[in-house]
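Listing of input_11.txt; format and content: compact mmCIF, C-alpha atoms.
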```
# COMPACT_ATOMS: atom_id res chain seq x y z
CA MET A 9 101.35 128.70 93.40
CA LYS A 10 104.00 126.40 94.79
CA ASN A 11 101.53 123.57 95.44
CA ASP A 12 99.85 123.69 92.02
CA LEU A 13 99.68 120.38 90.22
CA TRP A 14 101.78 120.68 87.09
CA VAL A 15 99.30 118.60 85.08
CA GLU A 16 96.83 121.43 85.64
CA LYS A 17 99.31 124.29 85.48
CA TYR A 18 100.61 123.15 82.08
CA ARG A 19 97.40 121.75 80.67
CA PRO A 20 97.10 122.68 76.95
CA THR A 21 94.62 125.45 76.13
CA THR A 22 94.44 124.80 72.37
CA ILE A 23 94.07 121.66 70.28
CA LYS A 24 97.46 122.28 68.71
CA GLU A 25 99.15 122.18 72.12
CA VAL A 26 97.84 118.67 72.88
CA ILE A 27 100.78 116.38 72.17
CA GLY A 28 100.50 113.19 70.12
CA ASN A 29 97.53 111.47 68.46
CA GLU A 30 97.53 113.79 65.44
CA GLU A 31 95.08 111.66 63.45
CA ALA A 32 92.64 111.55 66.37
CA LYS A 33 92.90 115.33 66.74
CA ILE A 34 92.13 115.86 63.05
CA LEU A 35 89.05 113.60 63.18
CA PHE A 36 87.82 115.33 66.33
CA THR A 37 88.37 118.81 64.86
CA GLU A 38 86.48 117.88 61.70
CA TRP A 39 83.58 116.61 63.80
CA ILE A 40 83.39 119.66 66.05
CA GLU A 41 83.48 121.95 63.02
CA ASN A 42 80.41 120.05 61.76
CA LYS A 43 82.18 118.46 58.82
CA ARG A 44 80.81 115.06 59.86
CA PRO A 45 77.10 115.83 60.42
CA THR A 46 75.92 112.21 60.23
CA LYS A 47 77.16 111.57 63.79
CA LYS A 48 75.65 113.60 66.61
CA ALA A 49 78.10 112.42 69.27
CA VAL A 50 81.72 111.31 69.50
CA LEU A 51 83.31 108.60 71.61
CA LEU A 52 87.00 109.03 72.40
CA TYR A 53 88.68 105.90 73.68
CA GLY A 54 92.17 104.83 74.65
CA PRO A 55 94.42 104.27 77.70
CA PRO A 56 94.48 106.76 80.59
CA GLY A 57 96.63 109.88 80.36
CA VAL A 58 96.88 110.14 76.57
CA GLY A 59 94.97 113.42 76.21
CA LYS A 60 91.28 112.59 75.76
CA THR A 61 90.00 114.90 78.49
CA THR A 62 92.69 117.48 77.71
CA LEU A 63 91.60 117.60 74.07
CA VAL A 64 87.96 118.14 75.02
CA ASN A 65 88.79 121.01 77.38
CA ALA A 66 91.11 122.62 74.84
CA ALA A 67 88.47 122.35 72.10
CA ALA A 68 85.85 123.93 74.32
CA LYS A 69 88.09 126.96 74.89
CA GLU A 70 89.16 127.20 71.27
CA TYR A 71 85.63 127.00 69.86
CA ASN A 72 83.98 129.01 72.64
CA PHE A 73 81.82 126.32 74.16
CA ARG A 74 80.82 126.15 77.79
CA ILE A 75 81.75 122.62 78.85
CA ILE A 76 79.39 120.71 81.13
CA GLU A 77 81.26 117.72 82.49
CA MET A 78 79.67 114.64 83.99
CA ASN A 79 81.40 111.52 85.29
CA ALA A 80 79.22 108.78 83.85
CA SER A 81 80.68 106.09 86.10
CA ASP A 82 79.33 108.00 89.12
CA THR A 83 76.00 108.99 87.52
CA ARG A 84 74.57 105.78 86.10
CA SER A 85 70.82 105.93 86.45
CA GLU A 86 68.44 107.36 83.85
CA LYS A 87 67.15 109.92 86.35
CA ALA A 88 70.65 111.14 87.23
CA VAL A 89 71.73 111.39 83.60
CA ASN A 90 68.61 113.35 82.64
CA ARG A 91 68.98 115.70 85.61
CA ILE A 92 72.35 116.91 84.37
CA ALA A 93 72.45 116.16 80.66
CA ALA A 94 68.99 117.29 79.54
CA PRO A 95 69.36 120.97 80.62
CA ALA A 96 72.92 121.04 79.28
CA THR A 97 71.79 120.03 75.77
CA SER A 98 69.13 122.68 75.29
CA PHE A 99 71.44 125.24 73.66
CA ALA A 100 72.63 125.86 70.10
CA GLY A 101 74.15 123.08 68.04
CA LEU A 102 77.37 122.60 66.14
CA ASP A 103 76.43 124.75 63.17
CA LYS A 104 75.68 127.93 65.16
CA PHE A 105 79.05 129.67 65.26
CA SER A 106 79.66 133.21 66.43
CA SER A 107 82.37 135.14 68.22
CA GLU A 108 80.71 134.56 71.60
CA ILE A 109 79.81 131.49 73.66
CA LYS A 110 77.92 129.15 71.38
CA GLY A 111 76.22 127.16 74.11
CA ASN A 112 77.07 124.05 76.02
CA MET A 113 79.25 121.09 75.20
CA LEU A 114 78.30 117.99 77.20
CA PHE A 115 81.25 115.80 78.18
CA LEU A 116 80.57 112.37 79.70
CA ASP A 117 83.86 111.07 81.10
CA GLU A 118 84.51 107.41 82.02
CA VAL A 119 81.40 106.34 80.13
CA ASP A 120 82.60 102.72 80.24
CA GLY A 121 81.89 102.84 83.99
CA ILE A 122 78.20 103.22 83.27
CA ALA A 123 78.09 99.54 82.38
CA GLY A 124 78.41 98.45 86.00
CA ASN A 125 75.91 96.70 88.26
CA GLU A 126 74.40 100.00 89.39
CA ASP A 127 73.34 100.93 85.87
CA ARG A 128 69.61 101.67 85.77
CA GLY A 129 68.88 102.91 82.27
CA GLY A 130 71.85 105.27 82.01
CA VAL A 131 72.94 104.11 78.55
CA ASN A 132 69.40 104.37 77.15
CA ALA A 133 69.06 107.86 78.62
CA ILE A 134 72.25 108.98 76.88
CA ILE A 135 71.09 107.51 73.57
CA LYS A 136 67.78 109.42 73.79
CA ILE A 137 69.60 112.67 74.54
CA ILE A 138 71.94 112.17 71.56
CA GLU A 139 69.02 111.47 69.24
CA ASN A 140 67.10 114.58 70.31
CA THR A 141 69.78 117.26 70.51
CA ARG A 142 72.19 119.17 68.30
CA THR A 143 74.44 120.17 71.17
CA PRO A 144 77.93 118.63 70.97
CA ILE A 145 78.02 115.48 73.08
CA ILE A 146 81.41 113.92 73.74
CA MET A 147 82.14 110.74 75.64
CA ALA A 148 85.44 109.26 76.81
CA ALA A 149 86.26 105.68 77.75
CA ASN A 150 89.27 103.53 78.44
CA ASP A 151 87.59 100.34 77.23
CA PRO A 152 84.87 100.76 74.59
CA ASP A 153 84.32 97.03 74.03
CA LEU A 154 81.90 96.49 76.88
CA GLU A 155 78.63 94.87 75.85
CA LYS A 156 76.46 97.70 77.17
CA LEU A 157 78.35 100.31 75.15
CA ARG A 158 77.60 98.76 71.77
CA PRO A 159 74.36 100.76 71.30
CA LEU A 160 76.31 103.96 71.98
CA LYS A 161 79.06 103.07 69.52
CA LYS A 162 76.51 102.65 66.74
CA ILE A 163 75.37 106.27 66.94
CA CYS A 164 78.79 107.84 67.68
CA LEU A 165 81.87 108.76 65.74
CA VAL A 166 84.43 106.50 67.45
CA ILE A 167 87.96 107.92 67.66
CA LYS A 168 90.85 105.85 68.96
CA PHE A 169 93.72 107.33 71.00
CA GLN A 170 97.13 105.66 71.12
CA GLN A 171 99.83 105.85 73.78
CA THR A 172 101.81 109.05 73.38
CA ARG A 173 105.24 108.53 71.82
CA ILE A 174 108.20 108.74 74.19
CA PRO A 175 110.09 111.52 72.31
CA LEU A 176 107.00 113.75 72.53
CA ILE A 177 106.73 113.13 76.28
CA ILE A 178 110.42 113.98 76.74
CA MET A 179 109.89 117.27 74.84
CA ALA A 180 106.96 118.13 77.10
CA LEU A 181 109.00 117.38 80.23
CA LYS A 182 111.86 119.55 78.95
CA LYS A 183 109.50 122.51 78.46
CA ILE A 184 108.18 122.16 82.00
CA CYS A 185 111.72 121.99 83.41
CA GLU A 186 112.60 125.18 81.55
CA GLN A 187 109.48 126.92 82.85
CA GLU A 188 110.19 125.79 86.42
CA GLN A 189 113.92 126.64 86.06
CA ILE A 190 114.95 123.07 86.85
CA THR A 191 118.32 121.80 85.65
CA TYR A 192 118.10 118.22 84.49
CA GLU A 193 119.98 115.29 83.04
CA PHE A 194 118.46 114.13 79.75
CA GLU A 195 118.71 110.52 80.95
CA ALA A 196 116.45 111.40 83.90
CA LEU A 197 113.73 112.76 81.62
CA GLU A 198 114.13 109.73 79.37
CA LYS A 199 113.71 107.43 82.37
CA ILE A 200 110.52 109.22 83.47
CA ALA A 201 109.08 109.11 79.94
CA LEU A 202 109.87 105.42 79.47
CA ASN A 203 108.38 104.57 82.84
CA SER A 204 105.13 106.37 81.95
CA GLN A 205 104.43 103.90 79.12
CA GLY A 206 102.84 106.62 77.03
CA ASP A 207 100.84 108.21 79.86
CA VAL A 208 101.61 111.95 79.72
CA ARG A 209 99.77 112.72 82.93
CA SER A 210 101.75 110.07 84.80
CA ALA A 211 105.04 111.40 83.42
CA ILE A 212 104.29 114.97 84.51
CA ASN A 213 103.23 113.83 87.98
CA ASP A 214 106.45 111.83 88.32
CA LEU A 215 108.51 114.81 87.22
CA GLN A 216 106.87 117.03 89.82
CA SER A 217 107.21 114.51 92.66
CA LEU A 218 110.91 113.99 91.93
CA SER A 219 111.98 117.58 91.36
CA GLU A 220 109.75 119.90 93.38
CA GLU A 221 111.97 119.58 96.46
CA GLY A 222 114.94 121.03 94.61
CA LYS A 223 116.06 122.69 91.43
CA SER A 224 117.94 119.81 89.84
CA LEU A 225 117.01 116.39 88.54
CA THR A 226 119.51 113.60 88.02
CA LEU A 227 119.22 110.03 86.80
CA GLN A 228 119.77 108.82 90.35
CA ASP A 229 116.70 110.77 91.48
CA THR A 230 114.57 108.48 89.32
CA LEU A 231 115.57 105.28 91.10
CA ALA A 232 112.07 104.74 92.48
CA LEU A 233 110.46 104.75 89.04
CA GLY A 234 109.62 101.51 87.36
CA LEU A 235 110.96 99.38 90.20
CA ARG A 236 107.86 97.20 90.22
CA ASN A 237 107.55 96.81 86.47
CA ARG A 238 110.74 95.00 85.52
CA ASN A 239 111.82 91.39 85.24
CA ILE A 240 114.53 90.64 87.82
CA SER A 241 113.43 88.51 90.78
CA MET A 242 114.22 89.02 94.45
CA ASP A 243 116.86 86.28 94.44
CA GLU A 244 118.63 87.80 91.44
CA THR A 245 118.34 91.26 92.95
CA VAL A 246 119.91 90.29 96.28
CA ARG A 247 122.75 88.35 94.63
CA GLY A 248 123.50 91.17 92.22
CA TYR A 249 123.22 93.75 94.98
CA PHE A 250 125.84 92.17 97.24
CA ALA A 251 128.15 91.43 94.30
CA ALA A 252 128.08 95.05 93.05
CA LYS A 253 131.34 97.00 93.24
CA THR A 254 130.09 100.50 92.50
CA ILE A 255 127.07 102.64 93.27
CA THR A 256 126.38 102.81 89.52
CA GLU A 257 126.04 99.02 89.39
CA VAL A 258 123.60 99.11 92.30
CA THR A 259 121.46 101.83 90.73
CA SER A 260 121.35 99.95 87.42
CA LEU A 261 120.18 96.87 89.30
CA PHE A 262 117.41 98.87 90.98
CA TYR A 263 116.16 99.98 87.55
CA ALA A 264 115.74 96.37 86.47
CA SER A 265 114.31 94.84 89.65
CA ASP A 266 110.66 94.04 90.29
CA VAL A 267 110.94 93.69 94.07
CA GLU A 268 108.92 95.68 96.59
CA TYR A 269 110.62 98.40 98.63
CA ASP A 270 109.95 96.82 102.03
CA ASP A 271 110.87 93.30 100.87
CA LEU A 272 114.20 94.59 99.59
CA LEU A 273 114.97 96.29 102.91
CA MET A 274 114.29 93.09 104.84
CA ALA A 275 116.30 90.94 102.44
CA ILE A 276 119.33 93.23 102.72
CA SER A 277 118.97 93.32 106.50
CA ASP A 278 118.98 89.51 106.65
CA ASN A 279 122.19 89.20 104.62
CA VAL A 280 124.31 92.21 105.50
CA ALA A 281 125.95 90.46 108.48
CA ARG A 282 127.10 87.69 106.15
CA ARG A 283 128.42 90.15 103.58
CA TYR A 284 130.70 92.06 105.99
CA THR A 285 132.79 90.13 108.50
CA ASP A 286 134.85 93.11 109.63
CA PRO A 287 133.12 94.75 112.63
CA GLY A 288 133.92 98.28 111.44
CA GLU A 289 132.55 97.64 107.95
CA LEU A 290 129.48 95.92 109.36
CA ALA A 291 128.78 98.84 111.69
CA LYS A 292 129.06 101.29 108.81
CA ALA A 293 126.76 99.16 106.64
CA TYR A 294 124.16 98.93 109.40
CA ASP A 295 124.33 102.69 109.86
CA TYR A 296 123.46 103.25 106.19
CA LEU A 297 120.78 100.56 106.39
CA SER A 298 119.18 102.19 109.43
CA GLN A 299 119.11 105.55 107.64
CA ALA A 300 117.39 103.90 104.67
CA ASP A 301 114.82 102.43 107.04
CA VAL A 302 114.23 105.83 108.66
CA PHE A 303 113.53 107.44 105.29
CA ARG A 304 111.23 104.55 104.34
CA GLY A 305 109.25 105.29 107.50
CA ARG A 306 109.05 108.99 106.63
CA ILE A 307 107.66 108.16 103.21
CA GLY A 308 104.59 106.45 104.63
CA THR A 309 102.09 106.32 101.77
CA GLU A 310 102.50 109.85 100.39
CA ASN A 311 106.02 111.34 100.55
CA TRP A 312 107.50 109.35 97.69
CA HIS A 313 109.94 112.12 96.77
CA LEU A 314 112.03 110.77 99.68
CA ILE A 315 112.48 107.36 98.06
CA LYS A 316 115.73 108.50 96.47
CA TYR A 317 117.26 108.79 99.95
CA VAL A 318 116.24 105.21 100.69
CA TYR A 319 118.08 103.97 97.62
CA ASN A 320 121.05 106.26 98.08
CA ASN A 321 121.64 104.74 101.50
CA LEU A 322 121.05 101.19 100.26
CA ALA A 323 123.61 101.77 97.52
CA GLN A 324 126.09 102.87 100.18
CA VAL A 325 125.45 99.65 102.13
CA ALA A 326 126.44 97.52 99.15
CA THR A 327 129.66 99.45 98.54
CA VAL A 328 131.09 100.00 102.03
CA ASN A 329 134.09 97.96 100.89
CA SER A 330 133.70 96.46 97.45
CA GLU A 331 137.11 94.76 97.69
CA SER A 332 136.15 92.68 100.72
CA HIS A 333 133.45 90.69 98.96
CA LYS A 334 133.67 86.92 99.07
CA PRO A 335 130.94 84.47 98.01
CA PHE A 336 128.63 83.58 100.88
CA GLU A 337 125.43 81.62 101.33
CA LEU A 338 122.51 84.01 100.95
CA ILE A 339 119.47 83.94 103.17
CA THR A 340 116.91 83.92 100.40
CA PRO A 341 113.34 85.16 100.74
CA PRO A 342 111.05 84.97 102.58
CA PRO A 343 112.85 87.21 105.07
CA ILE A 344 113.71 86.00 108.58
CA ARG A 345 111.15 88.38 110.06
CA VAL A 346 108.39 86.85 107.95
CA ILE A 347 109.48 83.30 108.77
CA THR A 348 109.55 84.12 112.48
CA LEU A 349 106.05 85.56 112.31
CA PHE A 350 104.84 82.48 110.44
CA TRP A 351 106.21 79.99 112.97
CA THR A 352 105.00 82.00 115.97
CA LYS A 353 101.53 82.70 114.58
CA ALA A 354 99.85 79.97 116.64
CA LYS A 355 101.53 81.21 119.81
CA ARG A 356 100.58 84.83 119.10
CA THR A 357 96.99 83.85 118.32
CA MET A 358 96.69 81.94 121.58
CA LEU A 359 98.26 84.76 123.60
CA ASN A 360 95.87 87.24 122.01
CA SER A 361 92.91 85.07 123.05
CA ILE A 362 94.22 84.82 126.62
CA CYS A 363 94.76 88.58 126.86
CA THR A 364 91.26 89.20 125.54
CA LYS A 365 89.81 87.03 128.33
CA ILE A 366 91.94 88.73 130.99
CA GLY A 367 90.95 92.15 129.64
CA ASN A 368 87.26 91.32 129.73
CA GLN A 369 87.39 90.06 133.31
CA CYS A 370 89.69 92.77 134.67
CA HIS A 371 88.39 95.63 132.52
CA ILE A 372 91.79 96.47 131.07
CA SER A 373 93.32 96.63 127.60
CA LYS A 374 94.86 93.60 125.91
CA TYR A 375 98.24 95.35 125.98
CA GLU A 376 98.07 95.90 129.73
CA ALA A 377 96.92 92.31 130.23
CA LYS A 378 99.89 91.06 128.24
CA MET A 379 102.57 93.22 129.84
CA ILE A 380 101.39 93.24 133.48
CA TYR A 381 98.93 90.43 134.22
CA VAL A 382 100.17 87.53 132.07
CA PRO A 383 103.53 87.10 133.91
CA TYR A 384 101.76 86.84 137.29
CA ILE A 385 99.03 84.52 136.01
CA ARG A 386 101.70 82.30 134.44
CA LEU A 387 103.49 82.01 137.79
CA MET A 388 100.22 81.23 139.62
CA LEU A 389 99.37 78.47 137.14
CA GLN A 390 102.86 76.99 137.38
CA GLN A 391 102.57 76.81 141.19
CA LYS A 392 99.15 75.16 140.82
CA LYS A 393 97.80 76.96 143.91
CA LYS A 394 94.12 77.65 143.40
CA ALA A 395 94.79 77.21 139.70
CA ASP A 396 91.39 75.63 139.06
CA THR A 397 89.56 78.66 140.40
CA LEU A 398 91.69 81.01 138.27
CA ILE A 399 91.21 78.86 135.17
CA ALA A 400 87.46 78.77 135.66
CA TRP A 401 87.28 82.53 136.31
CA LEU A 402 89.21 83.37 133.13
CA LYS A 403 87.53 80.56 131.17
CA LEU A 404 90.87 79.26 129.91
CA THR A 405 90.99 76.16 127.73
CA PRO A 406 93.44 73.30 128.50
CA GLU A 407 95.53 74.37 125.49
CA GLU A 408 95.69 77.94 126.81
CA VAL A 409 96.73 76.75 130.27
CA THR A 410 99.51 74.63 128.74
CA GLY A 411 100.56 77.54 126.55
CA LEU A 412 100.73 79.93 129.49
CA THR A 413 102.67 77.64 131.79
CA SER A 414 105.25 76.88 129.07
CA LEU A 415 105.48 80.46 127.90
CA LYS A 416 109.05 81.78 128.00
CA MET A 417 108.81 85.05 126.15
CA PHE A 418 106.45 87.14 124.05
```
The structure in this file should be written as structure tokens.
Amino acid sequence: MKNDLWVEKYRPTTIKEVIGNEEAKILFTEWIENKRPTKKAVLLYGPPGVGKTTLVNAAAKEYNFRIIEMNASDTRSEKAVNRIAAPATSFAGLDKFSSEIKGNMLFLDEVDGIAGNEDRGGVNAIIKIIENTRTPIIMAANDPDLEKLRPLKKICLVIKFQQTRIPLIIMALKKICEQEQITYEFEALEKIALNSQGDVRSAINDLQSLSEEGKSLTLQDTLALGLRNRNISMDETVRGYFAAKTITEVTSLFYASDVEYDDLLMAISDNVARRYTDPGELAKAYDYLSQADVFRGRIGTENWHLIKYVYNNLAQVATVNSESHKPFELITPPPIRVITLFWTKAKRTMLNSICTKIGNQCHISKYEAKMIYVPYIRLMLQQKKKADTLIAWLKLTPEEVTGLTSLKMF
């Protein structure tokens, strides 16, 4: 299906297909084949997205187990653990192999979450189940060093997972592109893999979000990735941005910057009129800037595949006329809009209080009070005709009366 998540669509179905962590895979395979009988349970730990859950699911299919999955961070009490885990562990153990389903395999994901404030005997319940069953019990955790997990670690085979190596992630992304018939630039896949920091799931999700709208993937399409994880400040970003002569220079700067999307838009907006003194060039720059702002609005909180259009337009702003650049005094952050809001906060707070009082007395919204009633009330107070009665009726403070009579705009 078109809307399938690729992390599910291309999830490995055998242990061999799980990329990376070869030593961890060998230890796990030996345990599940009952070559390590002294440990009745296994604890897989490591950073998110490195294949812990994928390995468990693949092993269940390969060795014909019916997997019973339980999120331990959501099911913390002894009663809840027993309700799910006890029935699941009443089937054949590791040494009962046949060509058919061998029974259940209990998988407790996010077991480090069971050490939270809501824990009511969950760890002890798991320990009792492990001690009294021969059914495979597997647990996964991101952080195994929590105090409450120490009793579990003592009775488990503990297997560490490392971040997946970048070349392996690139190979996996290439295979997906070939399956989805997506043409790609190698540098784009490299960028996605590097940005994932060893998280395969994250890399595949990024690949899908950047390429599902079309059938090609370029390095420029990956501009949004890693923007918040680099080491160039806002001041350096703005200075480099307006000094850039080519779109390539701008895109390289975006790779290295740690600024937020919205902060960057406001900073460019503040300075673009100083960068271009020619009216025609300034108009063209503002046109590109407005298009970038439109696409940022369309993104909202979900449609991040549109971020490339934001940066494409911002790159065009910086290079309307690269030859016309002359040094100018930058308006450095915080942006003018933020400064304006800061200095007018007291006035806005007072006006909001006044509109609330008008709304309560006149049974109208604060917006209607502000746009329709406030101008007339201001005039009445300035003329001081029956002002005392109006002030008493609205319960205005002396500061609010002064604020209203001196109000020029809002």
>> If we count only C-alpha atoms and set the cut-off at 12 Å, which residues sit around Glu408 in chain A, ignoring sequence neighbours fewer than 6 positions away in its own chain? Please answer as a VMD selection string.
In response: chain A and resid 354 to 363 365 382 385 to 386 389 399 402 414 to 415
> Near range 223-228 of chain A, counting all atoms listed in the file, which residues have an atom at most 8 Å away, once you skip same-chain residues fewer than 4 positions from it, shown as a ChimeraX atom specification?
Replying inline: /A:189-193,195-196,199,218-219,259,316
>> Between CA of Phe336 in chain A and CA of Val246 in chain A, what is the distance in Å, rounded to a tenth?
In response: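 A separation of 11.9 Å between them.
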